[in-house]
Amino acid sequence: MDVTEILEAHQAQFKPITVEKLVPLDFDANLLAGFDTNALEEKTLKSKKNADKYLRDLARDNTQLIINELFKLPVQSGDLGALAQLPERTTALPREKPLPKDKPLTRWEKFAKAKGIQNKKRERMVFDEDSGEYKPRWGYKGSVGDKDKLDPDWLIEVPNTADPMEDQYEKKRAEKKGRVEKNAKRQRRNEEEGAAATLAGKKDIKEFKKDELQTAIAASKKSTASLGKFDNKLKNETKMKGITHQFAPTIGDVKAEKNSSMDILKKIVGKGDTINAAKAARLASKKDAFASLDFKKKKGKDGKDGKGKGKGKGRK
């Protein structure tokens, strides 16, 4: 039985693994990516019938080229099977988000940096002179937790100025508690100041407070009648930015004043609209007539009331 035709028909269903390109692709095996710089066929893309088939074939060919490139890499066998060793990355991808800003230094970190103080990690094991052995600084069988070892403050001298009945141990514990609370309060303050400076986009709290001070000075200057125009300038004071108003002179060109008035009128009424002068005069005269009529009515009422009051006074 000859199965050559059947095999050829079956093989014709699959495309070959060799793909020829006019311009070879640039591969980055570390990212499992290939960059195709060949020009696209615009006519095929614009046609509704062949556009989808053309894009599918293009994606298939490029994927086949990437797979062929991966099979050229050295292989290492492991528990999961044969694994390809990817080379180093050659393409620099842009970051999705900007680089994080440097965390502002605390007061202690600034002081330590200025004085050249460096943090040294304390060793866990310390030498105990009494036993002649190395013991943990803390924890199980620590040198501090030995029961046989006396407390260094087992005897406290009472100062001459202190009350002899005062408990010096209790006083020492209270002082230590106060120092701990003070340090905790300072730590919270430093954290809050650093967070405020970070939210404001400032480098440190000093720059943040400087901007706040300048804002307060600007607000205080505006509290005067002249809005700080005639106030004395401080040393190295920066000029405050604000809104400047330009006023036209009271006496000037009549033609320019007429043009500016007409521009305002055009903005209010409209460029295409026309003004009916007769209608405007008629409305103005009606308004004046109604105003005079109301004034006469009001005056007549006031006269009657006054006359009646006079008669009442005369009868008395």
# chains A, B, ... in the order shown; residues from 1 in each chain; ligands from 1

call {"tool": "residues_around", "arguments": {"residues": "A:Glu166", "least_positions_apart": "6", "cutoff": "12 Å", "atoms": "only C-alpha atoms", "output": "NGL selection string"}}
result
:A and (156-160 or 172)

call {"tool": "write_last_selection", "arguments": {"atoms": "N, CA and C atoms", "output": "CSV table (one decimal), in the first residue's frame"}}
result
chain,number,residue,atom,x,y,z
A,156,ILE,N,22.8,52.9,95.3
A,156,ILE,CA,22.8,54.2,94.7
A,156,ILE,C,23.0,55.2,95.8
A,157,GLU,N,23.9,56.1,95.6
A,157,GLU,CA,24.3,57.1,96.6
A,157,GLU,C,23.2,58.2,96.6
A,158,VAL,N,22.8,58.6,97.8
A,158,VAL,CA,21.8,59.7,97.9
A,158,VAL,C,22.5,61.0,97.9
A,159,PRO,N,22.1,62.0,97.0
A,159,PRO,CA,22.8,63.3,97.0
A,159,PRO,C,22.5,64.1,98.3
A,160,ASN,N,23.3,65.0,98.6
A,160,ASN,CA,23.1,65.8,99.8
A,160,ASN,C,21.9,66.7,99.7
A,172,LYS,N,14.9,56.9,89.5
A,172,LYS,CA,15.7,56.5,88.3
A,172,LYS,C,14.8,55.9,87.2

call {"tool": "residues_around", "arguments": {"residues": "stretch 105-110 of chain A", "least_positions_apart": "5", "cutoff": "8 Å", "atoms": "only C-alpha atoms", "output": "number ranges by chain"}}
result
A: 190-191, 194, 204

call {"tool": "write_last_selection", "arguments": {"atoms": "all heavy atoms", "output": "mmCIF file, in the first residue's frame"}}
result
data_model
loop_
_atom_site.group_PDB
_atom_site.id
_atom_site.type_symbol
_atom_site.label_atom_id
_atom_site.label_comp_id
_atom_site.auth_asym_id
_atom_site.auth_seq_id
_atom_site.Cartn_x
_atom_site.Cartn_y
_atom_site.Cartn_z
ATOM 1 N N ASN A 190 9.550 63.675 63.871
ATOM 2 C CA ASN A 190 10.405 63.563 62.689
ATOM 3 C C ASN A 190 9.693 62.842 61.546
ATOM 4 O O ASN A 190 9.804 63.226 60.374
ATOM 5 C CB ASN A 190 11.700 62.826 63.049
ATOM 6 C CG ASN A 190 12.564 63.611 64.018
ATOM 7 O OD1 ASN A 190 12.429 64.824 64.145
ATOM 8 N ND2 ASN A 190 13.436 62.909 64.726
ATOM 9 N N GLU A 191 8.948 61.785 61.887
ATOM 10 C CA GLU A 191 8.213 61.052 60.854
ATOM 11 C C GLU A 191 7.126 61.924 60.227
ATOM 12 O O GLU A 191 6.928 61.905 59.009
ATOM 13 C CB GLU A 191 7.609 59.788 61.451
ATOM 14 C CG GLU A 191 8.647 58.728 61.829
ATOM 15 C CD GLU A 191 8.019 57.532 62.514
ATOM 16 O OE1 GLU A 191 6.792 57.588 62.775
ATOM 17 O OE2 GLU A 191 8.733 56.550 62.793
ATOM 18 N N GLY A 194 8.809 64.575 58.019
ATOM 19 C CA GLY A 194 9.287 63.971 56.779
ATOM 20 C C GLY A 194 8.156 63.643 55.824
ATOM 21 O O GLY A 194 8.273 63.851 54.612
ATOM 22 N N ASP A 204 13.493 68.373 52.075
ATOM 23 C CA ASP A 204 13.509 68.105 53.507
ATOM 24 C C ASP A 204 12.569 69.084 54.191
ATOM 25 O O ASP A 204 11.957 69.959 53.570
ATOM 26 C CB ASP A 204 14.928 68.196 54.081
ATOM 27 C CG ASP A 204 15.595 69.517 53.713
ATOM 28 O OD1 ASP A 204 14.912 70.362 53.094
ATOM 29 O OD2 ASP A 204 16.781 69.706 54.040
#

call {"tool": "atom_distance", "arguments": {"atom1": "atom CA of A:Ala218", "atom2": "atom CA of A:Phe230"}}
result
13.6 Å

call {"tool": "residues_around", "arguments": {"residues": "A:Tyr54", "least_positions_apart": "3", "cutoff": "12 Å", "atoms": "only C-alpha atoms", "output": "ChimeraX atom specification"}}
result
/A:40-51,57-61

call {"tool": "write_last_selection", "arguments": {"atoms": "N, CA, C and O atoms", "output": "tab-separated table (two decimals), in the first residue's frame"}}
result
chain	number	residue	atom	x	y	z
A	40	LEU	N	5.40	46.79	5.89
A	40	LEU	CA	4.13	46.08	5.76
A	40	LEU	C	3.51	46.37	4.40
A	40	LEU	O	3.76	47.42	3.80
A	41	GLU	N	2.68	45.46	3.94
A	41	GLU	CA	1.97	45.64	2.68
A	41	GLU	C	0.70	46.43	2.93
A	41	GLU	O	-0.28	45.92	3.52
A	42	GLU	N	0.71	47.70	2.51
A	42	GLU	CA	-0.42	48.58	2.81
A	42	GLU	C	-1.68	48.17	2.05
A	42	GLU	O	-2.79	48.26	2.58
A	43	LYS	N	-1.53	47.72	0.83
A	43	LYS	CA	-2.71	47.33	0.05
A	43	LYS	C	-3.43	46.14	0.69
A	43	LYS	O	-4.65	46.10	0.77
A	44	THR	N	-2.63	45.18	1.16
A	44	THR	CA	-3.24	44.01	1.81
A	44	THR	C	-3.91	44.39	3.12
A	44	THR	O	-4.97	43.84	3.47
A	45	LEU	N	-3.32	45.31	3.85
A	45	LEU	CA	-3.91	45.73	5.13
A	45	LEU	C	-5.22	46.50	4.92
A	45	LEU	O	-6.13	46.41	5.74
A	46	LYS	N	-5.32	47.26	3.83
A	46	LYS	CA	-6.53	48.03	3.58
A	46	LYS	C	-7.68	47.17	3.06
A	46	LYS	O	-8.85	47.55	3.20
A	47	SER	N	-7.36	46.04	2.47
A	47	SER	CA	-8.43	45.17	1.96
A	47	SER	C	-9.11	44.44	3.12
A	47	SER	O	-8.46	43.95	4.03
A	48	LYS	N	-10.42	44.37	3.08
A	48	LYS	CA	-11.19	43.76	4.16
A	48	LYS	C	-11.08	42.22	4.16
A	48	LYS	O	-11.19	41.60	5.21
A	49	LYS	N	-10.88	41.63	3.01
A	49	LYS	CA	-10.88	40.17	2.93
A	49	LYS	C	-9.56	39.57	3.38
A	49	LYS	O	-9.53	38.57	4.10
A	50	ASN	N	-8.45	40.16	2.98
A	50	ASN	CA	-7.14	39.54	3.21
A	50	ASN	C	-6.37	40.13	4.39
A	50	ASN	O	-5.25	39.69	4.66
A	51	ALA	N	-6.91	41.15	5.06
A	51	ALA	CA	-6.16	41.81	6.14
A	51	ALA	C	-5.93	40.86	7.32
A	51	ALA	O	-4.81	40.73	7.83
A	57	ASP	N	-0.68	35.31	9.33
A	57	ASP	CA	0.52	34.71	8.75
A	57	ASP	C	1.79	35.43	9.21
A	57	ASP	O	2.82	34.79	9.47
A	58	LEU	N	1.72	36.73	9.32
A	58	LEU	CA	2.89	37.50	9.77
A	58	LEU	C	3.24	37.16	11.21
A	58	LEU	O	4.41	36.97	11.55
A	59	ALA	N	2.21	37.06	12.07
A	59	ALA	CA	2.46	36.70	13.46
A	59	ALA	C	3.01	35.28	13.57
A	59	ALA	O	3.91	35.01	14.39
A	60	ARG	N	2.50	34.37	12.75
A	60	ARG	CA	2.99	32.99	12.78
A	60	ARG	C	4.45	32.90	12.36
A	60	ARG	O	5.26	32.22	13.00
A	61	ASP	N	4.83	33.62	11.28
A	61	ASP	CA	6.21	33.56	10.80
A	61	ASP	C	7.18	34.14	11.83
A	61	ASP	O	8.25	33.57	12.08

call {"tool": "residues_around", "arguments": {"residues": "A:Leu70", "least_positions_apart": "2", "cutoff": "12 Å", "atoms": "only C-alpha atoms", "output": "ChimeraX atom specification"}}
result
/A:27-34,63-68,72-75,83-87

call {"tool": "select_by_dssp", "arguments": {"residues": "stretch 63-156 of chain A", "states": "alpha helix (DSSP H)", "output": "ChimeraX atom specification"}}
result
/A:63-70,107-115

call {"tool": "atom_distance", "arguments": {"atom1": "atom CA of A:Ala200", "atom2": "atom CA of A:Ala216"}}
result
16.3 Å

call {"tool": "select_by_dssp", "arguments": {"residues": "stretch 109-241 of chain A", "states": "strand (DSSP E or B)", "output": "PyMOL selection string"}}
result
chain A and resi 125-128+133-136

call {"tool": "decode", "arguments": {"residues": "stretch 158-255 of chain A", "atoms": "C-alpha atoms", "output": "PDB file, in the first residue's frame"}}
result
ATOM      1  CA  VAL A 158      21.759  59.678  97.917  1.00  0.00           C
ATOM      2  CA  PRO A 159      22.768  63.270  96.981  1.00  0.00           C
ATOM      3  CA  ASN A 160      23.133  65.828  99.766  1.00  0.00           C
ATOM      4  CA  THR A 161      20.465  68.081  98.262  1.00  0.00           C
ATOM      5  CA  ALA A 162      17.908  65.265  97.862  1.00  0.00           C
ATOM      6  CA  ASP A 163      15.291  64.131 100.315  1.00  0.00           C
ATOM      7  CA  PRO A 164      16.755  61.214 102.340  1.00  0.00           C
ATOM      8  CA  MET A 165      13.342  59.512 102.377  1.00  0.00           C
ATOM      9  CA  GLU A 166      12.992  59.651  98.578  1.00  0.00           C
ATOM     10  CA  ASP A 167      13.238  56.337  96.713  1.00  0.00           C
ATOM     11  CA  GLN A 168      16.199  56.719  94.357  1.00  0.00           C
ATOM     12  CA  TYR A 169      15.311  53.553  92.432  1.00  0.00           C
ATOM     13  CA  GLU A 170      11.824  54.859  91.721  1.00  0.00           C
ATOM     14  CA  LYS A 171      13.283  58.227  90.715  1.00  0.00           C
ATOM     15  CA  LYS A 172      15.692  56.547  88.290  1.00  0.00           C
ATOM     16  CA  ARG A 173      12.892  54.478  86.736  1.00  0.00           C
ATOM     17  CA  ALA A 174      10.754  57.620  86.303  1.00  0.00           C
ATOM     18  CA  GLU A 175      13.650  59.469  84.628  1.00  0.00           C
ATOM     19  CA  LYS A 176      14.213  56.581  82.241  1.00  0.00           C
ATOM     20  CA  LYS A 177      10.514  56.441  81.412  1.00  0.00           C
ATOM     21  CA  GLY A 178      10.527  60.181  80.708  1.00  0.00           C
ATOM     22  CA  ARG A 179      13.521  59.838  78.373  1.00  0.00           C
ATOM     23  CA  VAL A 180      11.832  56.997  76.489  1.00  0.00           C
ATOM     24  CA  GLU A 181       8.629  59.024  76.053  1.00  0.00           C
ATOM     25  CA  LYS A 182      10.621  62.066  74.931  1.00  0.00           C
ATOM     26  CA  ASN A 183      12.507  60.037  72.315  1.00  0.00           C
ATOM     27  CA  ALA A 184       9.268  58.456  71.082  1.00  0.00           C
ATOM     28  CA  LYS A 185       7.686  61.919  70.767  1.00  0.00           C
ATOM     29  CA  ARG A 186      10.690  63.197  68.821  1.00  0.00           C
ATOM     30  CA  GLN A 187      10.559  60.167  66.538  1.00  0.00           C
ATOM     31  CA  ARG A 188       6.865  60.765  65.777  1.00  0.00           C
ATOM     32  CA  ARG A 189       7.580  64.431  65.090  1.00  0.00           C
ATOM     33  CA  ASN A 190      10.405  63.563  62.689  1.00  0.00           C
ATOM     34  CA  GLU A 191       8.213  61.052  60.854  1.00  0.00           C
ATOM     35  CA  GLU A 192       5.352  63.564  60.524  1.00  0.00           C
ATOM     36  CA  GLU A 193       7.683  66.307  59.309  1.00  0.00           C
ATOM     37  CA  GLY A 194       9.287  63.971  56.779  1.00  0.00           C
ATOM     38  CA  ALA A 195       5.883  62.842  55.494  1.00  0.00           C
ATOM     39  CA  ALA A 196       4.691  66.458  55.188  1.00  0.00           C
ATOM     40  CA  ALA A 197       7.820  67.445  53.251  1.00  0.00           C
ATOM     41  CA  THR A 198       7.448  64.429  50.943  1.00  0.00           C
ATOM     42  CA  LEU A 199       3.786  65.208  50.200  1.00  0.00           C
ATOM     43  CA  ALA A 200       4.673  68.838  49.456  1.00  0.00           C
ATOM     44  CA  GLY A 201       7.391  67.690  47.049  1.00  0.00           C
ATOM     45  CA  LYS A 202      10.217  69.208  49.066  1.00  0.00           C
ATOM     46  CA  LYS A 203      13.649  67.782  49.728  1.00  0.00           C
ATOM     47  CA  ASP A 204      13.509  68.105  53.507  1.00  0.00           C
ATOM     48  CA  ILE A 205      11.527  69.769  56.271  1.00  0.00           C
ATOM     49  CA  LYS A 206      13.817  72.823  56.262  1.00  0.00           C
ATOM     50  CA  GLU A 207      12.876  73.706  52.689  1.00  0.00           C
ATOM     51  CA  PHE A 208       9.198  73.040  53.459  1.00  0.00           C
ATOM     52  CA  LYS A 209       9.230  75.402  56.472  1.00  0.00           C
ATOM     53  CA  LYS A 210      11.036  78.052  54.439  1.00  0.00           C
ATOM     54  CA  ASP A 211       8.246  78.068  51.851  1.00  0.00           C
ATOM     55  CA  GLU A 212       5.643  78.211  54.612  1.00  0.00           C
ATOM     56  CA  LEU A 213       7.402  81.231  56.137  1.00  0.00           C
ATOM     57  CA  GLN A 214       7.492  83.039  52.798  1.00  0.00           C
ATOM     58  CA  THR A 215       3.783  82.379  52.309  1.00  0.00           C
ATOM     59  CA  ALA A 216       3.026  83.743  55.792  1.00  0.00           C
ATOM     60  CA  ILE A 217       5.095  86.887  55.119  1.00  0.00           C
ATOM     61  CA  ALA A 218       3.240  87.469  51.843  1.00  0.00           C
ATOM     62  CA  ALA A 219      -0.122  87.073  53.598  1.00  0.00           C
ATOM     63  CA  SER A 220       0.862  89.516  56.389  1.00  0.00           C
ATOM     64  CA  LYS A 221       1.988  92.133  53.869  1.00  0.00           C
ATOM     65  CA  LYS A 222      -1.395  92.117  52.170  1.00  0.00           C
ATOM     66  CA  SER A 223      -3.074  92.988  55.467  1.00  0.00           C
ATOM     67  CA  THR A 224      -1.976  96.645  55.216  1.00  0.00           C
ATOM     68  CA  ALA A 225      -3.973  99.320  53.409  1.00  0.00           C
ATOM     69  CA  SER A 226      -1.421  99.558  50.613  1.00  0.00           C
ATOM     70  CA  LEU A 227      -1.150  95.755  50.295  1.00  0.00           C
ATOM     71  CA  GLY A 228       2.507  95.931  51.294  1.00  0.00           C
ATOM     72  CA  LYS A 229       3.496  98.463  48.625  1.00  0.00           C
ATOM     73  CA  PHE A 230       5.139 100.890  51.042  1.00  0.00           C
ATOM     74  CA  ASP A 231       6.443  98.360  53.582  1.00  0.00           C
ATOM     75  CA  ASN A 232      10.149  98.081  54.270  1.00  0.00           C
ATOM     76  CA  LYS A 233      11.872  95.303  52.338  1.00  0.00           C
ATOM     77  CA  LEU A 234      13.682  92.590  54.242  1.00  0.00           C
ATOM     78  CA  LYS A 235      17.246  91.564  53.502  1.00  0.00           C
ATOM     79  CA  ASN A 236      17.532  89.150  50.546  1.00  0.00           C
ATOM     80  CA  GLU A 237      13.758  89.182  50.166  1.00  0.00           C
ATOM     81  CA  THR A 238      12.394  87.741  46.943  1.00  0.00           C
ATOM     82  CA  LYS A 239       9.859  89.671  44.961  1.00  0.00           C
ATOM     83  CA  MET A 240       6.397  88.254  45.528  1.00  0.00           C
ATOM     84  CA  LYS A 241       4.453  87.237  42.461  1.00  0.00           C
ATOM     85  CA  GLY A 242       0.911  88.478  42.211  1.00  0.00           C
ATOM     86  CA  ILE A 243      -1.772  89.823  39.887  1.00  0.00           C
ATOM     87  CA  THR A 244      -0.918  93.167  38.327  1.00  0.00           C
ATOM     88  CA  HIS A 245      -3.730  95.428  37.112  1.00  0.00           C
ATOM     89  CA  GLN A 246      -3.282  97.932  34.289  1.00  0.00           C
ATOM     90  CA  PHE A 247      -5.674 100.878  34.398  1.00  0.00           C
ATOM     91  CA  ALA A 248      -6.299 103.200  31.470  1.00  0.00           C
ATOM     92  CA  PRO A 249      -5.617 106.922  32.032  1.00  0.00           C
ATOM     93  CA  THR A 250      -8.598 109.145  32.919  1.00  0.00           C
ATOM     94  CA  ILE A 251      -7.653 111.720  30.272  1.00  0.00           C
ATOM     95  CA  GLY A 252      -6.632 110.412  26.869  1.00  0.00           C
ATOM     96  CA  ASP A 253      -7.611 109.947  23.239  1.00  0.00           C
ATOM     97  CA  VAL A 254     -11.365 110.304  22.641  1.00  0.00           C
ATOM     98  CA  LYS A 255     -11.269 108.057  19.576  1.00  0.00           C
TER      99      LYS A 255
END
